[in-house]
file final_13.txt (compact mmCIF, C-alpha atoms and all ligand atoms)
# COMPACT_ATOMS: atom_id res chain seq x y z
CA MET A 1 4.67 -37.58 16.89
CA ALA A 2 3.65 -35.80 13.69
CA LEU A 3 5.67 -32.78 12.65
CA ALA A 4 2.56 -30.60 12.46
CA GLU A 5 1.66 -31.35 16.05
CA PHE A 6 5.17 -30.52 17.25
CA LEU A 7 5.19 -27.23 15.33
CA GLU A 8 1.81 -26.38 16.79
CA GLN A 9 3.17 -26.86 20.30
CA LEU A 10 6.17 -24.69 19.50
CA ASN A 11 4.02 -21.87 18.18
CA GLN A 12 1.80 -21.99 21.21
CA LEU A 13 4.81 -21.89 23.51
CA ALA A 14 6.18 -18.85 21.68
CA ALA A 15 2.87 -17.01 22.01
CA GLU A 16 2.44 -17.85 25.67
CA ALA A 17 6.01 -16.91 26.50
CA THR A 18 5.64 -13.48 24.90
CA ALA A 19 2.35 -12.89 26.70
CA LEU A 20 3.89 -13.90 30.01
CA PHE A 21 6.92 -11.61 29.59
CA ASP A 22 4.73 -8.75 28.49
CA ALA A 23 2.49 -9.17 31.53
CA ALA A 24 5.37 -9.00 34.03
CA ASP A 25 5.08 -5.83 36.12
CA ASP A 26 8.45 -5.85 37.79
CA ALA A 27 11.85 -7.51 37.63
CA GLU A 28 10.83 -10.22 40.06
CA GLN A 29 7.83 -11.33 38.02
CA LEU A 30 9.89 -11.25 34.86
CA GLU A 31 12.53 -13.46 36.43
CA ALA A 32 9.83 -15.93 37.52
CA ALA A 33 8.49 -15.97 33.96
CA ARG A 34 11.97 -16.52 32.60
CA VAL A 35 12.50 -19.53 34.86
CA GLU A 36 9.12 -20.96 33.89
CA ILE A 37 9.81 -20.72 30.17
CA LEU A 38 13.56 -20.82 29.74
CA GLY A 39 14.65 -22.55 32.98
CA ALA A 40 17.52 -24.94 32.25
CA LYS A 41 16.15 -27.88 34.21
CA SER A 42 12.39 -27.77 34.19
CA GLY A 43 11.54 -24.87 31.88
CA ARG A 44 8.78 -25.33 29.33
CA PHE A 45 11.09 -24.76 26.42
CA LYS A 46 13.27 -27.60 27.66
CA ALA A 47 10.20 -29.85 27.94
CA THR A 48 9.11 -29.05 24.37
CA GLN A 49 12.65 -29.62 23.16
CA LYS A 50 12.55 -33.12 24.62
CA LEU A 51 9.43 -33.91 22.56
CA MET A 52 11.56 -33.59 19.47
CA GLY A 53 12.88 -37.06 20.17
CA ALA A 54 9.41 -38.38 19.37
CA VAL A 55 9.20 -36.65 15.97
CA ASP A 56 9.72 -38.91 12.95
CA GLY A 57 13.36 -39.08 11.98
CA SER A 58 12.90 -37.61 8.51
CA ASP A 59 11.03 -34.59 9.92
CA ARG A 60 13.59 -33.85 12.57
CA PRO A 61 15.70 -31.34 10.59
CA ALA A 62 12.60 -29.23 9.97
CA ALA A 63 11.54 -29.56 13.61
CA GLY A 64 15.01 -28.57 14.81
CA LYS A 65 15.12 -25.55 12.55
CA ARG A 66 11.84 -24.23 13.87
CA LEU A 67 12.87 -25.04 17.44
CA ASN A 68 15.90 -22.79 17.08
CA GLU A 69 13.81 -20.02 15.58
CA VAL A 70 11.30 -20.17 18.42
CA LYS A 71 14.11 -20.07 20.95
CA SER A 72 15.45 -16.87 19.39
CA GLU A 73 11.95 -15.39 19.33
CA ILE A 74 11.39 -16.17 23.01
CA GLU A 75 14.77 -14.76 23.95
CA ALA A 76 14.04 -11.63 21.97
CA SER A 77 10.72 -11.01 23.69
CA PHE A 78 12.40 -11.61 27.05
CA LYS A 79 15.01 -9.00 26.11
CA THR A 80 12.26 -6.56 25.11
CA ALA A 81 10.53 -7.04 28.46
CA GLN A 82 13.84 -6.59 30.25
CA ASP A 83 14.54 -3.34 28.38
CA ARG A 84 11.13 -2.11 29.35
CA MET A 85 11.98 -2.64 33.02
CA THR A 86 15.36 -0.91 32.91
CA SER A 87 14.19 2.09 30.94
CA GLY A 88 10.80 2.36 32.56
CA GLY A 89 11.88 4.05 35.80
CA SER A 90 9.97 2.79 38.83
CA ALA A 91 9.89 -0.89 38.00
CA GLY A 92 13.36 -1.58 39.37
CA GLY A 93 15.92 -3.60 37.42
CA ALA A 94 19.37 -2.39 36.45
CA PRO A 95 19.77 1.40 36.31
CA VAL A 96 20.07 2.97 32.85
CA GLN A 97 23.66 3.63 31.88
CA PHE A 98 24.01 7.38 31.58
CA ASP A 99 27.21 9.32 31.33
CA PRO A 100 26.53 12.99 32.14
CA THR A 101 29.96 14.05 30.90
CA LEU A 102 29.30 13.11 27.24
CA PRO A 103 28.43 15.98 24.90
CA GLY A 104 24.69 16.04 24.15
CA LEU A 105 22.94 15.33 20.88
CA LYS A 106 21.39 18.51 19.60
CA PRO A 107 17.84 17.84 18.42
CA GLN A 108 17.10 19.05 14.88
CA ILE A 109 14.43 21.70 15.26
CA GLY A 110 11.88 21.91 12.45
CA ARG A 111 10.28 25.16 11.41
CA LEU A 112 7.02 26.34 9.99
CA HIS A 113 6.66 26.54 6.22
CA PRO A 114 7.14 30.12 4.92
CA ILE A 115 3.52 30.20 3.75
CA THR A 116 2.30 29.08 7.18
CA GLN A 117 4.43 31.78 8.76
CA THR A 118 2.99 34.36 6.35
CA ILE A 119 -0.56 33.25 7.09
CA GLU A 120 0.01 33.53 10.83
CA GLU A 121 1.42 37.00 10.45
CA LEU A 122 -1.43 38.15 8.18
CA MET A 123 -4.00 36.85 10.66
CA ASP A 124 -2.18 38.70 13.39
CA ILE A 125 -2.16 42.02 11.52
CA MET A 126 -5.78 41.72 10.42
CA GLY A 127 -6.74 40.60 13.92
CA ARG A 128 -5.41 43.88 15.26
CA LEU A 129 -7.65 45.67 12.74
CA GLY A 130 -10.64 43.83 14.19
CA PHE A 131 -11.03 41.06 11.61
CA THR A 132 -11.66 37.51 12.80
CA ALA A 133 -10.76 34.43 10.77
CA ALA A 134 -13.47 32.47 8.97
CA ASP A 135 -13.13 29.24 7.05
CA GLY A 136 -14.80 27.36 4.21
CA PRO A 137 -14.38 24.09 2.32
CA GLU A 138 -11.91 23.66 -0.54
CA ILE A 139 -14.41 21.54 -2.46
CA GLU A 140 -17.25 23.86 -3.37
CA ASP A 141 -20.54 23.85 -5.22
CA GLU A 142 -21.37 26.23 -8.04
CA ARG A 143 -23.60 28.36 -5.87
CA HIS A 144 -20.80 29.45 -3.53
CA ASN A 145 -18.04 29.63 -6.13
CA PHE A 146 -20.12 31.39 -8.81
CA GLU A 147 -23.87 31.96 -8.63
CA ALA A 148 -24.19 33.80 -5.33
CA LEU A 149 -21.13 35.81 -6.37
CA ASN A 150 -23.04 37.16 -9.34
CA ILE A 151 -21.17 34.99 -11.87
CA PRO A 152 -23.91 33.64 -14.14
CA ARG A 153 -23.80 30.34 -16.02
CA GLU A 154 -22.52 31.77 -19.32
CA HIS A 155 -19.70 33.73 -17.66
CA PRO A 156 -16.20 32.81 -18.93
CA ALA A 157 -14.92 32.43 -15.37
CA ARG A 158 -16.91 29.18 -15.23
CA ASP A 159 -15.09 27.68 -18.22
CA PRO A 160 -14.06 24.07 -17.54
CA LEU A 161 -10.59 24.96 -18.82
CA ASP A 162 -10.19 27.50 -16.01
CA ASN A 163 -11.49 25.39 -13.14
CA PHE A 164 -10.92 22.03 -11.54
CA TYR A 165 -14.39 20.52 -11.81
CA LEU A 166 -14.75 17.16 -10.08
CA SER A 167 -15.96 14.51 -12.51
CA THR A 168 -17.34 12.05 -9.94
CA ALA A 169 -19.73 14.64 -8.55
CA GLN A 170 -21.03 15.60 -11.98
CA LYS A 171 -22.37 12.10 -12.49
CA GLN A 172 -24.65 12.60 -9.53
CA HIS A 173 -25.96 15.84 -11.10
CA GLU A 174 -24.32 17.96 -8.48
CA VAL A 175 -21.47 20.01 -9.88
CA LEU A 176 -18.55 20.38 -7.50
CA LEU A 177 -15.16 21.94 -8.04
CA LEU A 178 -12.00 22.88 -6.19
CA ARG A 179 -12.67 26.48 -5.21
CA SER A 180 -10.99 28.96 -7.54
CA GLN A 181 -11.18 31.86 -5.08
CA THR A 182 -11.72 32.42 -1.37
CA SER A 183 -14.66 34.73 -2.17
CA THR A 184 -16.73 31.59 -1.57
CA VAL A 185 -16.23 32.20 2.14
CA GLN A 186 -17.89 35.64 1.88
CA ILE A 187 -21.09 33.88 0.84
CA ARG A 188 -20.82 31.18 3.49
CA VAL A 189 -20.31 33.73 6.26
CA MET A 190 -23.10 36.07 5.12
CA GLU A 191 -25.52 33.17 4.69
CA SER A 192 -25.07 32.14 8.29
CA THR A 193 -24.50 35.48 10.05
CA PRO A 194 -26.45 38.73 10.09
CA PRO A 195 -24.50 42.00 9.58
CA PRO A 196 -22.24 43.61 10.73
CA ILE A 197 -19.40 41.41 9.47
CA ARG A 198 -15.67 41.81 9.65
CA ILE A 199 -13.82 38.68 8.62
CA ILE A 200 -10.80 37.44 6.75
CA SER A 201 -10.39 34.00 5.27
CA LEU A 202 -7.02 32.53 4.44
CA GLY A 203 -6.78 29.36 2.44
CA ARG A 204 -5.92 27.41 -0.66
CA VAL A 205 -7.45 28.01 -4.07
CA TYR A 206 -6.98 26.02 -7.25
CA ARG A 207 -6.71 26.97 -10.92
CA PRO A 208 -5.44 24.83 -13.79
CA ASP A 209 -2.48 27.07 -14.59
CA THR A 210 0.81 25.67 -15.82
CA ALA A 211 3.42 26.21 -13.14
CA ASP A 212 5.98 28.90 -13.94
CA ALA A 213 7.81 31.54 -11.93
CA THR A 214 4.60 33.39 -11.05
CA HIS A 215 1.87 30.73 -11.41
CA TYR A 216 1.08 27.56 -9.57
CA PRO A 217 -2.07 25.43 -9.84
CA MET A 218 -2.62 25.81 -6.09
CA PHE A 219 -2.01 28.99 -4.16
CA HIS A 220 -3.38 30.89 -1.17
CA GLN A 221 -5.57 33.93 -0.95
CA MET A 222 -6.49 36.22 1.89
CA GLU A 223 -10.08 37.28 1.49
CA GLY A 224 -11.42 40.17 3.53
CA LEU A 225 -15.03 41.16 3.99
CA LEU A 226 -16.48 44.05 5.94
CA ILE A 227 -20.22 44.73 5.95
CA ASP A 228 -21.88 47.41 8.01
CA ARG A 229 -23.90 50.60 7.68
CA HIS A 230 -22.24 53.46 5.76
CA VAL A 231 -19.12 51.57 4.65
CA THR A 232 -17.34 53.35 1.80
CA MET A 233 -14.46 52.94 -0.59
CA ALA A 234 -12.39 55.15 1.74
CA ASP A 235 -12.69 52.49 4.43
CA LEU A 236 -11.44 49.88 1.99
CA LYS A 237 -8.44 51.97 1.09
CA SER A 238 -7.65 52.73 4.74
CA VAL A 239 -7.77 49.08 5.74
CA LEU A 240 -5.59 47.99 2.83
CA ARG A 241 -3.11 50.77 3.50
CA LEU A 242 -2.88 49.94 7.19
CA PHE A 243 -2.41 46.32 6.27
CA ALA A 244 0.29 47.05 3.68
CA ARG A 245 2.22 49.27 6.05
CA SER A 246 2.11 46.67 8.80
CA TYR A 247 3.27 43.87 6.56
CA LEU A 248 5.66 45.58 4.16
CA GLY A 249 6.83 48.65 6.06
CA ALA A 250 5.88 52.29 6.66
CA ASP A 251 7.23 53.50 3.33
CA VAL A 252 4.81 51.43 1.27
CA HIS A 253 2.24 53.20 -0.87
CA ILE A 254 -0.97 51.82 -2.22
CA ARG A 255 -2.80 52.59 -5.45
CA PHE A 256 -6.18 51.59 -6.87
CA ARG A 257 -6.74 50.96 -10.58
CA PRO A 258 -10.27 50.54 -11.96
CA SER A 259 -11.07 46.91 -12.65
CA PHE A 260 -13.96 44.51 -12.92
CA PHE A 261 -15.22 41.65 -10.76
CA PRO A 262 -18.78 40.34 -11.01
CA PHE A 263 -19.24 40.48 -7.24
CA THR A 264 -17.97 44.02 -6.57
CA GLU A 265 -19.06 47.38 -7.97
CA PRO A 266 -17.01 49.50 -8.28
CA SER A 267 -14.05 47.15 -8.53
CA VAL A 268 -10.37 47.91 -8.27
CA GLU A 269 -7.04 46.25 -8.65
CA ALA A 270 -4.88 47.10 -5.64
CA ASP A 271 -1.17 47.78 -6.20
CA PHE A 272 1.53 48.32 -3.60
CA SER A 273 4.65 50.35 -4.31
CA TRP A 274 7.85 48.39 -4.48
CA ASN A 275 11.36 49.38 -5.52
CA GLN A 276 10.17 52.46 -7.44
CA GLY A 277 7.55 50.35 -9.23
CA TRP A 278 4.07 49.02 -8.56
CA VAL A 279 3.18 45.43 -7.78
CA GLU A 280 -0.28 43.99 -8.19
CA PHE A 281 -1.50 42.37 -5.00
CA GLY A 282 -5.08 41.49 -5.73
CA GLY A 283 -8.60 42.60 -6.36
CA ALA A 284 -11.06 44.52 -4.22
CA GLY A 285 -14.21 46.58 -4.37
CA MET A 286 -17.57 47.42 -2.87
CA VAL A 287 -19.74 44.32 -2.53
CA ASP A 288 -22.26 44.25 -5.39
CA PRO A 289 -25.90 44.71 -4.27
CA ASN A 290 -26.75 41.48 -6.12
CA VAL A 291 -24.43 39.57 -3.82
CA LEU A 292 -25.95 41.13 -0.73
CA ARG A 293 -29.41 40.21 -2.02
CA ALA A 294 -28.32 36.63 -2.78
CA VAL A 295 -27.57 36.07 0.89
CA GLY A 296 -30.69 37.84 2.12
CA TYR A 297 -29.14 41.18 3.11
CA ASP A 298 -30.82 44.47 2.28
CA PRO A 299 -28.49 46.60 0.11
CA GLU A 300 -30.41 49.69 1.17
CA GLU A 301 -29.49 49.00 4.78
CA VAL A 302 -25.90 47.78 4.64
CA THR A 303 -22.91 48.14 2.35
CA GLY A 304 -19.46 46.68 2.47
CA PHE A 305 -16.16 46.02 0.82
CA ALA A 306 -14.26 42.88 -0.06
CA PHE A 307 -10.72 42.16 -1.15
CA GLY A 308 -8.75 39.12 -2.20
CA LEU A 309 -4.95 39.17 -1.99
CA GLY A 310 -2.44 36.55 -3.11
CA VAL A 311 -0.58 35.18 -0.10
CA GLU A 312 2.35 33.77 -2.08
CA ARG A 313 2.94 37.14 -3.70
CA LEU A 314 3.08 38.84 -0.34
CA CYS A 315 5.44 36.21 1.01
CA MET A 316 7.64 36.40 -2.12
CA ARG A 317 7.84 40.20 -1.97
CA ARG A 318 8.75 40.16 1.66
CA HIS A 319 11.51 37.59 1.30
CA GLY A 320 12.75 38.38 -2.20
CA ILE A 321 11.69 34.98 -3.59
CA THR A 322 11.57 35.17 -7.38
CA ASP A 323 10.04 31.81 -8.30
CA ILE A 324 6.82 30.56 -6.70
CA ARG A 325 7.77 26.94 -7.47
CA GLU A 326 10.54 27.12 -4.86
CA ILE A 327 7.87 27.43 -2.19
CA TYR A 328 6.39 24.03 -3.00
CA LYS A 329 9.46 22.00 -3.92
CA ASN A 330 10.01 21.01 -0.30
CA ASP A 331 13.75 21.38 -0.62
CA VAL A 332 14.97 21.79 2.97
CA ARG A 333 17.88 23.95 1.85
CA PHE A 334 15.29 26.48 0.72
CA LEU A 335 12.84 25.99 3.58
CA GLN A 336 15.53 26.23 6.26
CA GLN A 337 16.10 29.87 5.40
CA PHE A 338 12.81 31.01 6.89
N1 LIG A 401 -11.83 36.72 -5.92
C1 LIG A 401 -11.05 37.64 -6.71
C2 LIG A 401 -9.95 36.82 -7.42
O1 LIG A 401 -9.71 35.71 -7.07
C3 LIG A 401 -10.41 38.70 -5.87
C4 LIG A 401 -11.42 39.61 -5.23
C5 LIG A 401 -11.88 39.36 -3.95
C6 LIG A 401 -11.89 40.74 -5.90
C7 LIG A 401 -12.81 40.21 -3.36
C8 LIG A 401 -12.78 41.57 -5.32
C9 LIG A 401 -13.24 41.32 -4.07
O2 LIG A 401 -9.33 37.30 -8.35
call {"tool": "encode", "arguments": {"input": "final_13.txt", "output": "structure tokens"}}
result
Amino acid sequence: MALAEFLEQLNQLAAEATALFDAADDAEQLEAARVEILGAKSGRFKATQKLMGAVDGSDRPAAGKRLNEVKSEIEASFKTAQDRMTSGGSAGGAPVQFDPTLPGLKPQIGRLHPITQTIEELMDIMGRLGFTAADGPEIEDERHNFEALNIPREHPARDPLDNFYLSTAQKQHEVLLLRSQTSTVQIRVMESTPPPIRIISLGRVYRPDTADATHYPMFHQMEGLLIDRHVTMADLKSVLRLFARSYLGADVHIRFRPSFFPFTEPSVEADFSWNQGWVEFGGAGMVDPNVLRAVGYDPEEVTGFAFGLGVERLCMRRHGITDIREIYKNDVRFLQQF
């Protein structure tokens, strides 16, 4: 008998044996399968083993080696099937060994990332103020990241050095980029929904900044947008103050400094008081009429405010974290503290 033919038979036997063991539903069927394959007198393994006598003498060492391997394989798949029976409950077999007096193994409980925890809490606070969460893509086109937000082509905010433009998309004449602000979601929501609007959007934004204690090329913003009749700057200040007091405590004060954003007019920089000083938390303002027009709203009918706050900053203030890079190092010794 040729070696190849013998090896072929062995391989087939191994495959069939595994299939047979796997198909056994209870201990009785498994035992029948074991006898059929591994039975000492008339098992199929024994029969194949006998064929080895017919293999050419010089090929016998190779045949014997493979024979031993196949035997181990078959025994292993029998053992697997047997384990399945004993651990699988109803199928009978030997009961699982279990000593109730041994001390238990305490499972290691994971926890949510501090930024995830912050996001959940912010959504909760803003939810109580009547804001629902909206979402948008992290890969954006120029219309949503710039144009509809009143940021024209020549504006410095569109500089390739300040944005992550995607080079593959440019080749197909469609310019895409990783969104640099969550204000994109304002446009997406207003495009698809008539006023009134009261949403927040929490998500990642990307800017090619070198990472240092206060910068990271990816961070999170909480965008807020409220559009209705007769909305004023006072409403903006009230909402931000209520938010700040809920998140940072009743003794927090809030201050507006005049600022500029292309999509709000007037625009402010919002600061929260902290340890006798002021900390910048983000930008805000009354939505520019050009933006309302770009999404088909009538600025004579409705007005609104928008704000964009840095989530990491809020989280860092709250927990006394002094270096943003700690948040993304994934060092469990750091993460376990939250
Ligand atoms: N999008 C602005 C930024 O990223 C923040 C902002 C949002 C300002 C909404 C005004 C209104 O800096």
call {"tool": "closest_residue", "arguments": {"input": "final_13.txt", "among": "A:Thr232, A:Gln186, A:Gln117, A:Asn68", "to": "Ala294 (chain A)", "atoms": "all atoms listed in the file"}}
result
A:Gln186
call {"tool": "residues_around", "arguments": {"input": "final_13.txt", "residues": "Asn11 (chain A)", "least_positions_apart": "2", "cutoff": "12 Å", "atoms": "all atoms listed in the file", "output": "NGL selection string"}}
result
:A and (4-9 or 13-18 or 45 or 48 or 63 or 66-71 or 73-74)
call {"tool": "residues_near_ligand", "arguments": {"input": "final_13.txt", "ligand": "ligand LIG 401 (chain A)", "cutoff": "7 Å", "atoms": "all atoms listed in the file", "output": "compact mmCIF listing (two decimals) with C-alpha atoms, keeping the file's coordinate frame"}}
result
# COMPACT_ATOMS: atom_id res chain seq x y z
CA SER A 180 -10.99 28.96 -7.54
CA GLN A 181 -11.18 31.86 -5.08
CA THR A 182 -11.72 32.42 -1.37
CA SER A 183 -14.66 34.73 -2.17
CA GLU A 223 -10.08 37.28 1.49
CA PHE A 261 -15.22 41.65 -10.76
CA PHE A 263 -19.24 40.48 -7.24
CA THR A 264 -17.97 44.02 -6.57
CA SER A 267 -14.05 47.15 -8.53
CA GLY A 282 -5.08 41.49 -5.73
CA GLY A 283 -8.60 42.60 -6.36
CA ALA A 284 -11.06 44.52 -4.22
CA GLY A 285 -14.21 46.58 -4.37
CA ALA A 306 -14.26 42.88 -0.06
CA PHE A 307 -10.72 42.16 -1.15
CA GLY A 308 -8.75 39.12 -2.20
CA LEU A 309 -4.95 39.17 -1.99
call {"tool": "atom_distance", "arguments": {"input": "final_13.txt", "atom1": "CA of Arg255 (chain A)", "atom2": "CA of Ala148 (chain A)"}}
result
28.5 Å
call {"tool": "atom_distance", "arguments": {"input": "final_13.txt", "atom1": "CA of Pro266 (chain A)", "atom2": "CA of Pro299 (chain A)"}}
result
14.5 Å
call {"tool": "atom_distance", "arguments": {"input": "final_13.txt", "atom1": "CA of Ser246 (chain A)", "atom2": "CA of Val279 (chain A)"}}
result
16.7 Å
call {"tool": "closest_residue", "arguments": {"input": "final_13.txt", "among": "A:Glu191, A:Thr80, A:Pro107, A:Thr116", "to": "Val295 (chain A)", "atoms": "all atoms listed in the file"}}
result
A:Glu191
call {"tool": "residues_around", "arguments": {"input": "final_13.txt", "residues": "Ser238 (chain A)", "least_positions_apart": "2", "cutoff": "12 Å", "atoms": "only C-alpha atoms", "output": "VMD selection string"}}
result
chain A and resid 129 231 to 236 240 to 245 253 to 256 305
call {"tool": "residues_around", "arguments": {"input": "final_13.txt", "residues": "Pro289 (chain A)", "least_positions_apart": "6", "cutoff": "10 Å", "atoms": "all atoms listed in the file", "output": "JSON, numbers by chain"}}
result
{"A": [150, 263, 264, 265, 297, 298, 299, 300, 302, 303, 304]}
call {"tool": "closest_residue", "arguments": {"input": "final_13.txt", "among": "A:Gly203, A:Gly39, A:Pro195, A:Gly249", "to": "Leu178 (chain A)", "atoms": "all atoms listed in the file"}}
result
A:Gly203
call {"tool": "residues_around", "arguments": {"input": "final_13.txt", "residues": "Leu166 (chain A)", "least_positions_apart": "2", "cutoff": "12 Å", "atoms": "all atoms listed in the file", "output": "PyMOL selection string"}}
result
chain A and resi 138-142+160+163-164+168-179
call {"tool": "residues_around", "arguments": {"input": "final_13.txt", "residues": "Met126 (chain A)", "least_positions_apart": "5", "cutoff": "8 Å", "atoms": "all atoms listed in the file", "output": "list in words"}}
result
Phe131, Thr132, Ile200 and Phe243 of chain A
call {"tool": "closest_residue", "arguments": {"input": "final_13.txt", "among": "A:Met286, A:Leu3, A:Val311, A:Ala32", "to": "Ala54 (chain A)", "atoms": "only C-alpha atoms"}}
result
A:Leu3
call {"tool": "closest_residue", "arguments": {"input": "final_13.txt", "among": "A:Arg44, A:Arg257, A:Arg111, A:Arg153", "to": "Gln12 (chain A)", "atoms": "all atoms listed in the file"}}
result
A:Arg44
call {"tool": "closest_residue", "arguments": {"input": "final_13.txt", "among": "A:Asp124, A:Val291, A:Gly43, A:Asp209", "to": "His144 (chain A)", "atoms": "all atoms listed in the file"}}
result
A:Val291
call {"tool": "axis_aligned_box", "arguments": {"input": "final_13.txt", "around": "region 280-284 of chain A", "padding_each_side": "5 Å", "output": "JSON"}}
result
{"center_x": -5.7, "center_y": 43.0, "center_z": -6.2, "size_x": 20.8, "size_y": 13.0, "size_z": 14.0}
call {"tool": "residues_near_point", "arguments": {"input": "final_13.txt", "point": "(7.3, 32.6, -14.1)", "cutoff": "9 Å", "atoms": "only C-alpha atoms", "output": "list of chain:residue names"}}
result
A:Ala211, A:Asp212, A:Ala213, A:Thr214, A:His215, A:Thr322, A:Asp323, A:Ile324, A:Arg325
call {"tool": "decode", "arguments": {"input": "final_13.txt", "residues": "region 191-206 of chain A", "atoms": "N, CA, C and O atoms", "output": "PDB file, in the first residue's frame"}}
result
ATOM      1  N   GLU A 191     -31.247  71.145   9.039  1.00  0.00           N
ATOM      2  CA  GLU A 191     -31.600  70.763   7.671  1.00  0.00           C
ATOM      3  C   GLU A 191     -32.764  69.774   7.648  1.00  0.00           C
ATOM      4  O   GLU A 191     -33.552  69.749   6.713  1.00  0.00           O
ATOM      5  N   SER A 192     -32.809  68.920   8.663  1.00  0.00           N
ATOM      6  CA  SER A 192     -33.800  67.846   8.599  1.00  0.00           C
ATOM      7  C   SER A 192     -35.002  68.071   9.513  1.00  0.00           C
ATOM      8  O   SER A 192     -35.936  67.277   9.492  1.00  0.00           O
ATOM      9  N   THR A 193     -34.967  69.126  10.335  1.00  0.00           N
ATOM     10  CA  THR A 193     -36.075  69.329  11.271  1.00  0.00           C
ATOM     11  C   THR A 193     -36.524  70.791  11.249  1.00  0.00           C
ATOM     12  O   THR A 193     -35.687  71.684  11.287  1.00  0.00           O
ATOM     13  N   PRO A 194     -37.818  71.028  11.230  1.00  0.00           N
ATOM     14  CA  PRO A 194     -38.285  72.412  11.350  1.00  0.00           C
ATOM     15  C   PRO A 194     -38.175  72.876  12.800  1.00  0.00           C
ATOM     16  O   PRO A 194     -38.137  72.044  13.703  1.00  0.00           O
ATOM     17  N   PRO A 195     -38.109  74.212  13.058  1.00  0.00           N
ATOM     18  CA  PRO A 195     -38.063  74.702  14.435  1.00  0.00           C
ATOM     19  C   PRO A 195     -39.383  74.385  15.145  1.00  0.00           C
ATOM     20  O   PRO A 195     -40.380  74.178  14.450  1.00  0.00           O
ATOM     21  N   PRO A 196     -39.453  74.400  16.457  1.00  0.00           N
ATOM     22  CA  PRO A 196     -38.378  74.683  17.415  1.00  0.00           C
ATOM     23  C   PRO A 196     -37.401  73.508  17.591  1.00  0.00           C
ATOM     24  O   PRO A 196     -37.781  72.364  17.355  1.00  0.00           O
ATOM     25  N   ILE A 197     -36.185  73.863  18.050  1.00  0.00           N
ATOM     26  CA  ILE A 197     -35.142  72.852  18.221  1.00  0.00           C
ATOM     27  C   ILE A 197     -34.479  73.035  19.566  1.00  0.00           C
ATOM     28  O   ILE A 197     -34.260  74.170  20.006  1.00  0.00           O
ATOM     29  N   ARG A 198     -34.186  71.934  20.195  1.00  0.00           N
ATOM     30  CA  ARG A 198     -33.500  72.001  21.490  1.00  0.00           C
ATOM     31  C   ARG A 198     -32.661  70.735  21.622  1.00  0.00           C
ATOM     32  O   ARG A 198     -33.121  69.725  22.133  1.00  0.00           O
ATOM     33  N   ILE A 199     -31.449  70.799  21.104  1.00  0.00           N
ATOM     34  CA  ILE A 199     -30.617  69.591  21.098  1.00  0.00           C
ATOM     35  C   ILE A 199     -29.226  69.848  21.688  1.00  0.00           C
ATOM     36  O   ILE A 199     -28.753  70.980  21.756  1.00  0.00           O
ATOM     37  N   ILE A 200     -28.605  68.764  22.099  1.00  0.00           N
ATOM     38  CA  ILE A 200     -27.165  68.796  22.351  1.00  0.00           C
ATOM     39  C   ILE A 200     -26.551  67.701  21.494  1.00  0.00           C
ATOM     40  O   ILE A 200     -27.232  66.747  21.088  1.00  0.00           O
ATOM     41  N   SER A 201     -25.271  67.848  21.214  1.00  0.00           N
ATOM     42  CA  SER A 201     -24.561  66.803  20.496  1.00  0.00           C
ATOM     43  C   SER A 201     -23.208  66.643  21.150  1.00  0.00           C
ATOM     44  O   SER A 201     -22.480  67.611  21.338  1.00  0.00           O
ATOM     45  N   LEU A 202     -22.909  65.425  21.550  1.00  0.00           N
ATOM     46  CA  LEU A 202     -21.643  65.150  22.232  1.00  0.00           C
ATOM     47  C   LEU A 202     -20.823  64.219  21.380  1.00  0.00           C
ATOM     48  O   LEU A 202     -21.290  63.135  21.026  1.00  0.00           O
ATOM     49  N   GLY A 203     -19.616  64.618  21.027  1.00  0.00           N
ATOM     50  CA  GLY A 203     -18.823  63.695  20.224  1.00  0.00           C
ATOM     51  C   GLY A 203     -17.406  64.175  20.007  1.00  0.00           C
ATOM     52  O   GLY A 203     -17.002  65.232  20.494  1.00  0.00           O
ATOM     53  N   ARG A 204     -16.681  63.359  19.233  1.00  0.00           N
ATOM     54  CA  ARG A 204     -15.267  63.640  18.993  1.00  0.00           C
ATOM     55  C   ARG A 204     -15.084  64.688  17.913  1.00  0.00           C
ATOM     56  O   ARG A 204     -15.828  64.721  16.941  1.00  0.00           O
ATOM     57  N   VAL A 205     -14.054  65.512  18.086  1.00  0.00           N
ATOM     58  CA  VAL A 205     -13.623  66.429  17.036  1.00  0.00           C
ATOM     59  C   VAL A 205     -12.108  66.308  16.911  1.00  0.00           C
ATOM     60  O   VAL A 205     -11.441  65.813  17.823  1.00  0.00           O
ATOM     61  N   TYR A 206     -11.609  66.728  15.747  1.00  0.00           N
ATOM     62  CA  TYR A 206     -10.185  66.486  15.450  1.00  0.00           C
ATOM     63  C   TYR A 206      -9.506  67.747  14.950  1.00  0.00           C
ATOM     64  O   TYR A 206     -10.029  68.422  14.073  1.00  0.00           O
TER      65      TYR A 206
END
